[in-house]
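S.K.: Sharing a structure with you now.
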Amino acid sequence: MDIEDTLLMIPGPVKVASRVLRAMSKPMISHRSADFGNIYEDCILLIKELFDTENDVVVLSGSGTCGMEAAVGGIIRKDEKIVTVTNGKFGERFTELGDRYGTAIPLAFPWGTSFDLDRVEAALEEGAKAVAMVHNETSVGMINPAKEVGELARKHDALFIVDGISSVGGNEFLTDGWNIDIAITGSQKCIAVPPGLAMVSVSKKAEEMLEDGKGGYYTDLKAHLKSARKSPCQTPYTPAVSLFYALQEALHMAAEDGFPERRKRMGRLAEGVRQAAAALEIELFPQPGQRSAYSNTVTAMKMPQGISDDQLRGGMRKRGVVVSGGQADLKGKIFRIGTMGVCTESDVLRTIQTLELVLEKEGVISSLGAGVEAASKSIDA
Ligand code: PLP
């Protein structure tokens with residue numbers, strides 16, 4: 001099927017609006033010019049609103065992991081500890097980064113289950129410079145309790161680093177309200193820009209702990225903050241200028257909709273997917289318990305009995321809809337549908353309809369329509 005006719009319903013990269021694609025095709029400018037400075041400054045103002053923060057913000061030309069590395073590499077030195085609270089693939093990345101730059105104290109909970117906050121507190125009592133977690137764990141479709149971990153971080157005087165890569169702009173995310181010292185998001189998720197930019201907010205307290213020349217070179221947040229404060233506003237090295245055009249346009253689009261309205265829409269779409277799953281007797285994967293919640297931006301479901309990953313996702317792909325599979329041990333066991341960015345009700349309904357067609361063809365369900373009806377009723381309610 002032609003790529004133009006393919007509906008991308010994975011949890012990032014996501015569909016990009018034509019307005020944003022057009023913005024990317026503007027002629028090149030000097031990255032040291034006032035024109036670029038104005039674009040970067042405009043982006044920073046809107047990103048601060050998106051992050052709900054008064055902290056400074058920088059944009060790195062690199063994917064979300066680049067922002068995670070800037071955070072951990074900037075703060076953690078060889079002999080220092082970072083508690084990494086994990087329940088999925090991306091949390092585990094913080095553990096790997098922690099061990100690369102210092103020592104990670106991993107608190108690994110089973111994938112898709114909630115954090116035990118008593119254990120988080122006990123780990124922090126041992127003494128650590130920072131604690132890191134993922135807010136929206138994309139690999140399992142679950143929101144983790146950032147507010148509560150932020151309170152513990154403050155109580156134990158640890159810096160709080162949060163990966164909001166698939167969350168910021170899609171779920172409620174209160175950088176200042178939750179005491180987050182370094183928050184990170186990526187361009188290809190809720191803000192619906194092509195991949196390649198990481199947005200990072202840095203508190204004064206975190207900035208004081210950044211040391212020159214000790215962490216990564218390209219990812220040195222001190223250098224990025226210094227350049228962003230210049231006039232015109234700049235980046236230390238040549239940025240991905242076309243992606244900045246796209247980011248500016250996408251942020252304006254989101255602001256025109258209203259950031260809270262955008263989040264609510266993603267929430268309604270995800271609820272629609274969950275209602276469709278219930279109607280089709282497909283079990284959701286995560287077990288959020290009381291402390292966590294289902295995600296607005298990605299829904300993870302168990303692979304139904306009687307169908308393989310290849311049949312389900314391959315059958316959907318053949319019909320023009322791309323959804324994600326499980327990662328690591330969850331490969332073949334779950335599948336995931338993204339509802340991020342500029343995803344619409346009709347995108348969700350087409351996805352569920354296609355899922356039903358494939359399930360019926362493989363003999364998993366005997367009639368069509370229940371999923372679409374449930375999703376549509378829920379989204380319109
Ligand atoms: N963290 C989360 C929660 C993610 O969803 C992703 C990507 O899916 C990443 C980190 C890694 O980001 P990137 O692939 O942009 O480096």
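In the structure tokens, each chain is lettered A, B, ... as it comes, each chain's residues begin at 1, and ligands are numbered from 1 in order of appearance.
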Please identify all polymer residues within 12 Å of Asp99 (chain A), counting only C-alpha atoms, omitting same-chain residues fewer than 3 positions from it, and present them as an NGL selection string.
M.R.: :A and (69 or 72-73 or 76-84 or 92-96 or 102-106)
S.K.: Can you spit out the residues from that selection as an mmCIF file, in the first residue's frame, using C-alpha atoms?
M.R.:
data_model
loop_
_atom_site.group_PDB
_atom_site.id
_atom_site.type_symbol
_atom_site.label_atom_id
_atom_site.label_comp_id
_atom_site.auth_asym_id
_atom_site.auth_seq_id
_atom_site.Cartn_x
_atom_site.Cartn_y
_atom_site.Cartn_z
ATOM 1 C CA GLU A 69 21.315 11.227 28.070
ATOM 2 C CA VAL A 72 21.658 11.759 33.307
ATOM 3 C CA GLY A 73 25.069 12.530 31.778
ATOM 4 C CA ILE A 76 25.590 11.930 37.449
ATOM 5 C CA ARG A 77 29.357 11.558 37.860
ATOM 6 C CA LYS A 78 31.350 8.321 38.120
ATOM 7 C CA ASP A 79 31.031 7.894 41.875
ATOM 8 C CA GLU A 80 27.420 9.071 42.160
ATOM 9 C CA LYS A 81 24.164 7.167 42.443
ATOM 10 C CA ILE A 82 20.875 7.560 40.645
ATOM 11 C CA VAL A 83 17.747 5.639 41.638
ATOM 12 C CA THR A 84 15.933 4.487 38.502
ATOM 13 C CA GLU A 92 15.281 0.516 31.847
ATOM 14 C CA ARG A 93 17.034 2.953 29.519
ATOM 15 C CA PHE A 94 17.508 5.266 32.514
ATOM 16 C CA THR A 95 19.186 2.370 34.342
ATOM 17 C CA GLU A 96 21.557 1.843 31.404
ATOM 18 C CA GLY A 102 27.708 6.632 37.390
ATOM 19 C CA THR A 103 25.890 3.968 39.361
ATOM 20 C CA ALA A 104 22.234 3.151 38.847
ATOM 21 C CA ILE A 105 20.216 1.816 41.771
ATOM 22 C CA PRO A 106 17.455 0.108 39.799
#
S.K.: Applying 9 Å and only C-alpha atoms, which residues near Phe259 (chain A) remain after dropping the ones on its own chain fewer than 6 positions away? List them as a PDB file with N, CA and C atoms, in the first residue's frame.
M.R.:
ATOM      1  N   GLU A  49       4.978  26.610  28.280  1.00  0.00           N
ATOM      2  CA  GLU A  49       3.549  26.465  28.577  1.00  0.00           C
ATOM      3  C   GLU A  49       3.158  24.977  28.523  1.00  0.00           C
ATOM      4  N   LEU A  50       3.664  24.301  27.517  1.00  0.00           N
ATOM      5  CA  LEU A  50       3.356  22.870  27.354  1.00  0.00           C
ATOM      6  C   LEU A  50       3.855  22.058  28.554  1.00  0.00           C
ATOM      7  N   GLY A 169       2.067  16.964  26.613  1.00  0.00           N
ATOM      8  CA  GLY A 169       1.159  17.356  25.529  1.00  0.00           C
ATOM      9  C   GLY A 169       0.014  16.372  25.355  1.00  0.00           C
ATOM     10  N   GLY A 170       0.113  15.197  25.992  1.00  0.00           N
ATOM     11  CA  GLY A 170      -0.939  14.188  25.829  1.00  0.00           C
ATOM     12  C   GLY A 170      -1.594  13.818  27.142  1.00  0.00           C
TER      13      GLY A 170
END
S.K.: Quick one: residues within 9 Å of ligand 1, with only C-alpha atoms and all ligand atoms, as a PDB file with C-alpha atoms, in the first residue's frame?
M.R.:
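Produced file selection.pdb, reproduced below:
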ATOM      1  CA  PRO A  11       3.057   5.463  19.646  1.00  0.00           C
ATOM      2  CA  GLY A  12       5.486   7.658  17.728  1.00  0.00           C
ATOM      3  CA  PRO A  13       6.537   8.725  15.226  1.00  0.00           C
ATOM      4  CA  GLY A  62      18.525  14.531  18.645  1.00  0.00           C
ATOM      5  CA  SER A  63      15.734  12.107  19.488  1.00  0.00           C
ATOM      6  CA  GLY A  64      14.218  11.694  22.945  1.00  0.00           C
ATOM      7  CA  THR A  65      17.067   9.490  24.142  1.00  0.00           C
ATOM      8  CA  CYS A  66      19.438  12.394  23.468  1.00  0.00           C
ATOM      9  CA  GLY A  67      17.448  14.387  26.045  1.00  0.00           C
ATOM     10  CA  MET A  68      17.556  11.480  28.524  1.00  0.00           C
ATOM     11  CA  GLY A  88       8.967  -0.983  31.186  1.00  0.00           C
ATOM     12  CA  LYS A  89      11.524  -0.628  28.426  1.00  0.00           C
ATOM     13  CA  PHE A  90      12.122   3.095  28.607  1.00  0.00           C
ATOM     14  CA  GLY A  91      12.608   3.139  32.356  1.00  0.00           C
ATOM     15  CA  ARG A  93      17.034   2.953  29.519  1.00  0.00           C
ATOM     16  CA  VAL A 134       9.279   7.563  32.926  1.00  0.00           C
ATOM     17  CA  HIS A 135       5.920   9.287  33.276  1.00  0.00           C
ATOM     18  CA  ASN A 136       4.098   7.557  30.432  1.00  0.00           C
ATOM     19  CA  GLU A 137       5.733   4.139  29.935  1.00  0.00           C
ATOM     20  CA  THR A 138       5.117   3.671  26.219  1.00  0.00           C
ATOM     21  CA  SER A 139       6.121   0.011  26.216  1.00  0.00           C
ATOM     22  CA  ASP A 163      11.012  11.205  30.832  1.00  0.00           C
ATOM     23  CA  GLY A 164       7.816  12.765  29.540  1.00  0.00           C
ATOM     24  CA  ILE A 165       8.597  11.735  25.979  1.00  0.00           C
ATOM     25  CA  SER A 166       5.246  10.130  25.180  1.00  0.00           C
ATOM     26  CA  SER A 167       3.400  12.151  27.786  1.00  0.00           C
ATOM     27  CA  ILE A 184      12.242  15.634  28.632  1.00  0.00           C
ATOM     28  CA  THR A 185      10.012  15.197  25.631  1.00  0.00           C
ATOM     29  CA  GLY A 186      10.522  14.259  21.992  1.00  0.00           C
ATOM     30  CA  SER A 187       9.236  15.894  18.821  1.00  0.00           C
ATOM     31  CA  GLN A 188       7.702  12.785  17.227  1.00  0.00           C
ATOM     32  CA  LYS A 189       5.120  12.118  19.928  1.00  0.00           C
ATOM     33  CA  PRO A 195      11.511  12.694  14.905  1.00  0.00           C
ATOM     34  CA  GLY A 196      14.770  14.457  15.689  1.00  0.00           C
ATOM     35  CA  LEU A 197      14.263  17.033  18.439  1.00  0.00           C
ATOM     36  CA  ALA A 198      14.367  16.642  22.213  1.00  0.00           C
TER      37      ALA A 198
END
S.K.: For each of A:Val321, A:Ala254, A:Ala279, A:Val14, take the minimum atom-to-atom distance to Ile365 (chain A), counting only C-alpha atoms, then give the residue where this is smallest.
M.R.: A:Ala279
S.K.: Given only C-alpha atoms as the basis, pick out the residue of A:Ala228, A:Val140, A:Ser33, A:Ala158 nearest to Glu121 (chain A).
M.R.: A:Ala158
S.K.: Write out as a PDB file with all heavy atoms, in the first residue's frame each polymer residue whose atoms come within 12 Å of Glu360 (chain A), counting only C-alpha atoms; drop sequence neighbours fewer than 5 positions from it.
M.R.:
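Result went into result.pdb, see below:
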ATOM      1  N   LEU A 280     -14.614  -6.186  22.220  1.00  0.00           N
ATOM      2  CA  LEU A 280     -14.057  -7.312  21.440  1.00  0.00           C
ATOM      3  C   LEU A 280     -13.427  -8.378  22.348  1.00  0.00           C
ATOM      4  O   LEU A 280     -12.787  -9.312  21.862  1.00  0.00           O
ATOM      5  CB  LEU A 280     -13.003  -6.776  20.450  1.00  0.00           C
ATOM      6  CG  LEU A 280     -13.536  -5.797  19.390  1.00  0.00           C
ATOM      7  CD1 LEU A 280     -12.395  -5.139  18.625  1.00  0.00           C
ATOM      8  CD2 LEU A 280     -14.489  -6.525  18.432  1.00  0.00           C
ATOM      9  N   PRO A 304      -4.985 -11.394  21.306  1.00  0.00           N
ATOM     10  CA  PRO A 304      -6.083 -12.337  21.550  1.00  0.00           C
ATOM     11  C   PRO A 304      -5.665 -13.777  21.245  1.00  0.00           C
ATOM     12  O   PRO A 304      -4.783 -14.006  20.419  1.00  0.00           O
ATOM     13  CB  PRO A 304      -7.166 -11.883  20.558  1.00  0.00           C
ATOM     14  CG  PRO A 304      -6.782 -10.504  20.145  1.00  0.00           C
ATOM     15  CD  PRO A 304      -5.295 -10.405  20.277  1.00  0.00           C
ATOM     16  N   GLY A 306      -5.650 -17.303  19.562  1.00  0.00           N
ATOM     17  CA  GLY A 306      -6.026 -17.765  18.222  1.00  0.00           C
ATOM     18  C   GLY A 306      -5.508 -16.905  17.087  1.00  0.00           C
ATOM     19  O   GLY A 306      -5.903 -17.097  15.936  1.00  0.00           O
ATOM     20  N   ILE A 307      -4.657 -15.940  17.405  1.00  0.00           N
ATOM     21  CA  ILE A 307      -4.090 -15.104  16.334  1.00  0.00           C
ATOM     22  C   ILE A 307      -2.652 -14.751  16.720  1.00  0.00           C
ATOM     23  O   ILE A 307      -2.360 -14.530  17.904  1.00  0.00           O
ATOM     24  CB  ILE A 307      -4.954 -13.831  16.081  1.00  0.00           C
ATOM     25  CG1 ILE A 307      -4.481 -13.109  14.806  1.00  0.00           C
ATOM     26  CG2 ILE A 307      -4.969 -12.890  17.267  1.00  0.00           C
ATOM     27  CD1 ILE A 307      -5.460 -12.043  14.311  1.00  0.00           C
ATOM     28  N   GLN A 311      -0.072 -12.279  12.101  1.00  0.00           N
ATOM     29  CA  GLN A 311      -1.406 -12.249  11.483  1.00  0.00           C
ATOM     30  C   GLN A 311      -2.121 -10.945  11.826  1.00  0.00           C
ATOM     31  O   GLN A 311      -2.710 -10.309  10.953  1.00  0.00           O
ATOM     32  CB  GLN A 311      -2.245 -13.437  11.964  1.00  0.00           C
ATOM     33  CG  GLN A 311      -1.807 -14.752  11.358  1.00  0.00           C
ATOM     34  CD  GLN A 311      -2.476 -15.932  12.055  1.00  0.00           C
ATOM     35  OE1 GLN A 311      -2.675 -15.946  13.270  1.00  0.00           O
ATOM     36  NE2 GLN A 311      -2.817 -16.941  11.272  1.00  0.00           N
ATOM     37  N   LEU A 312      -2.040 -10.543  13.098  1.00  0.00           N
ATOM     38  CA  LEU A 312      -2.786  -9.352  13.519  1.00  0.00           C
ATOM     39  C   LEU A 312      -2.186  -8.087  12.911  1.00  0.00           C
ATOM     40  O   LEU A 312      -2.840  -7.359  12.160  1.00  0.00           O
ATOM     41  CB  LEU A 312      -2.834  -9.255  15.048  1.00  0.00           C
ATOM     42  CG  LEU A 312      -3.757  -8.147  15.595  1.00  0.00           C
ATOM     43  CD1 LEU A 312      -4.446  -8.587  16.889  1.00  0.00           C
ATOM     44  CD2 LEU A 312      -3.028  -6.849  15.849  1.00  0.00           C
ATOM     45  N   GLY A 315      -1.853  -8.344   9.036  1.00  0.00           N
ATOM     46  CA  GLY A 315      -3.164  -8.210   8.383  1.00  0.00           C
ATOM     47  C   GLY A 315      -3.617  -6.756   8.391  1.00  0.00           C
ATOM     48  O   GLY A 315      -4.192  -6.262   7.411  1.00  0.00           O
ATOM     49  N   MET A 316      -3.360  -6.062   9.481  1.00  0.00           N
ATOM     50  CA  MET A 316      -3.757  -4.648   9.550  1.00  0.00           C
ATOM     51  C   MET A 316      -2.899  -3.819   8.588  1.00  0.00           C
ATOM     52  O   MET A 316      -3.402  -2.940   7.889  1.00  0.00           O
ATOM     53  CB  MET A 316      -3.633  -4.123  10.986  1.00  0.00           C
ATOM     54  CG  MET A 316      -4.677  -4.716  11.927  1.00  0.00           C
ATOM     55  SD  MET A 316      -4.633  -4.014  13.586  1.00  0.00           S
ATOM     56  CE  MET A 316      -5.374  -2.402  13.334  1.00  0.00           C
ATOM     57  N   GLN A 353     -11.940  -0.686  13.045  1.00  0.00           N
ATOM     58  CA  GLN A 353     -12.631  -1.435  11.978  1.00  0.00           C
ATOM     59  C   GLN A 353     -11.663  -2.416  11.320  1.00  0.00           C
ATOM     60  O   GLN A 353     -12.001  -3.580  11.067  1.00  0.00           O
ATOM     61  CB  GLN A 353     -13.169  -0.441  10.941  1.00  0.00           C
ATOM     62  CG  GLN A 353     -13.975  -1.097   9.849  1.00  0.00           C
ATOM     63  CD  GLN A 353     -14.373  -0.078   8.785  1.00  0.00           C
ATOM     64  OE1 GLN A 353     -13.595   0.811   8.427  1.00  0.00           O
ATOM     65  NE2 GLN A 353     -15.594  -0.194   8.291  1.00  0.00           N
ATOM     66  N   THR A 354     -10.451  -1.971  11.071  1.00  0.00           N
ATOM     67  CA  THR A 354      -9.450  -2.832  10.432  1.00  0.00           C
ATOM     68  C   THR A 354      -9.079  -3.985  11.363  1.00  0.00           C
ATOM     69  O   THR A 354      -8.933  -5.133  10.931  1.00  0.00           O
ATOM     70  CB  THR A 354      -8.204  -1.985  10.058  1.00  0.00           C
ATOM     71  OG1 THR A 354      -8.643  -0.855   9.325  1.00  0.00           O
ATOM     72  CG2 THR A 354      -7.211  -2.775   9.244  1.00  0.00           C
ATOM     73  N   LEU A 355      -8.950  -3.663  12.638  1.00  0.00           N
ATOM     74  CA  LEU A 355      -8.656  -4.719  13.619  1.00  0.00           C
ATOM     75  C   LEU A 355      -9.768  -5.778  13.580  1.00  0.00           C
ATOM     76  O   LEU A 355      -9.503  -6.987  13.548  1.00  0.00           O
ATOM     77  CB  LEU A 355      -8.544  -4.085  15.016  1.00  0.00           C
ATOM     78  CG  LEU A 355      -8.424  -5.030  16.202  1.00  0.00           C
ATOM     79  CD1 LEU A 355      -7.118  -5.839  16.135  1.00  0.00           C
ATOM     80  CD2 LEU A 355      -8.465  -4.253  17.534  1.00  0.00           C
ATOM     81  N   ILE A 365     -13.240 -13.466  16.031  1.00  0.00           N
ATOM     82  CA  ILE A 365     -14.604 -12.986  16.309  1.00  0.00           C
ATOM     83  C   ILE A 365     -15.506 -13.458  15.164  1.00  0.00           C
ATOM     84  O   ILE A 365     -15.014 -13.750  14.067  1.00  0.00           O
ATOM     85  CB  ILE A 365     -14.683 -11.439  16.463  1.00  0.00           C
ATOM     86  CG1 ILE A 365     -14.138 -10.712  15.210  1.00  0.00           C
ATOM     87  CG2 ILE A 365     -13.953 -10.981  17.709  1.00  0.00           C
ATOM     88  CD1 ILE A 365     -14.321  -9.203  15.241  1.00  0.00           C
ATOM     89  N   SER A 366     -16.813 -13.490  15.435  1.00  0.00           N
ATOM     90  CA  SER A 366     -17.689 -14.036  14.396  1.00  0.00           C
ATOM     91  C   SER A 366     -18.495 -12.964  13.676  1.00  0.00           C
ATOM     92  O   SER A 366     -19.108 -13.232  12.647  1.00  0.00           O
ATOM     93  CB  SER A 366     -18.609 -15.093  15.003  1.00  0.00           C
ATOM     94  OG  SER A 366     -19.264 -14.522  16.111  1.00  0.00           O
ATOM     95  N   SER A 367     -18.532 -11.757  14.243  1.00  0.00           N
ATOM     96  CA  SER A 367     -19.275 -10.713  13.523  1.00  0.00           C
ATOM     97  C   SER A 367     -18.559  -9.381  13.683  1.00  0.00           C
ATOM     98  O   SER A 367     -17.770  -9.197  14.621  1.00  0.00           O
ATOM     99  CB  SER A 367     -20.701 -10.616  14.064  1.00  0.00           C
ATOM    100  OG  SER A 367     -20.650 -10.227  15.411  1.00  0.00           O
ATOM    101  N   LEU A 368     -18.887  -8.467  12.796  1.00  0.00           N
ATOM    102  CA  LEU A 368     -18.201  -7.173  12.774  1.00  0.00           C
ATOM    103  C   LEU A 368     -19.048  -6.077  13.416  1.00  0.00           C
ATOM    104  O   LEU A 368     -20.276  -6.167  13.416  1.00  0.00           O
ATOM    105  CB  LEU A 368     -17.915  -6.776  11.320  1.00  0.00           C
ATOM    106  CG  LEU A 368     -16.970  -7.687  10.534  1.00  0.00           C
ATOM    107  CD1 LEU A 368     -16.924  -7.259   9.077  1.00  0.00           C
ATOM    108  CD2 LEU A 368     -15.562  -7.636  11.141  1.00  0.00           C
ATOM    109  N   GLY A 369     -18.386  -5.077  13.935  1.00  0.00           N
ATOM    110  CA  GLY A 369     -19.119  -3.862  14.313  1.00  0.00           C
ATOM    111  C   GLY A 369     -19.112  -3.511  15.783  1.00  0.00           C
ATOM    112  O   GLY A 369     -19.250  -2.337  16.137  1.00  0.00           O
ATOM    113  N   ALA A 370     -18.944  -4.510  16.658  1.00  0.00           N
ATOM    114  CA  ALA A 370     -19.073  -4.225  18.095  1.00  0.00           C
ATOM    115  C   ALA A 370     -17.988  -3.249  18.570  1.00  0.00           C
ATOM    116  O   ALA A 370     -18.256  -2.333  19.362  1.00  0.00           O
ATOM    117  CB  ALA A 370     -18.988  -5.523  18.892  1.00  0.00           C
ATOM    118  N   GLY A 371     -16.763  -3.421  18.082  1.00  0.00           N
ATOM    119  CA  GLY A 371     -15.654  -2.565  18.515  1.00  0.00           C
ATOM    120  C   GLY A 371     -15.841  -1.138  18.042  1.00  0.00           C
ATOM    121  O   GLY A 371     -15.689  -0.184  18.817  1.00  0.00           O
TER     122      GLY A 371
END
S.K.: Where does DSSP see strand (DSSP E or B) in region 120-234 of chain A, if you list the residues as an MDAnalysis selection string?
M.R.: chainID A and resid 130:134 136:137 142:143 159:163 168 171 182:186 197:202
S.K.: Would you mind telling me which residue in A:Ile75, A:Ala300, A:Cys343, A:Val85 lies nearest to Lys214 (chain A) when using only C-alpha atoms?
M.R.: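 Looking at the shortest contact to Lys214 (chain A), the residue is A:Ile75.
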S.K.: If we count only C-alpha atoms, what is near region 217-221 of chain A at a cut-off of 9 Å, once residues fewer than 3 positions away on the same chain are taken out, given as a PyMOL selection string?
M.R.: chain A and resi 58+60+66-67+69-71+73-74+200+202+207+210-214+224-226+236-237
S.K.: Within region 103-337 of chain A, find each residue whose DSSP state, derived from the backbone, is alpha helix (DSSP H), and express the selection as a PyMOL selection string.
M.R.: chain A and resi 117-125+146-155+204-209+221-228+241-257+259-279+309-318
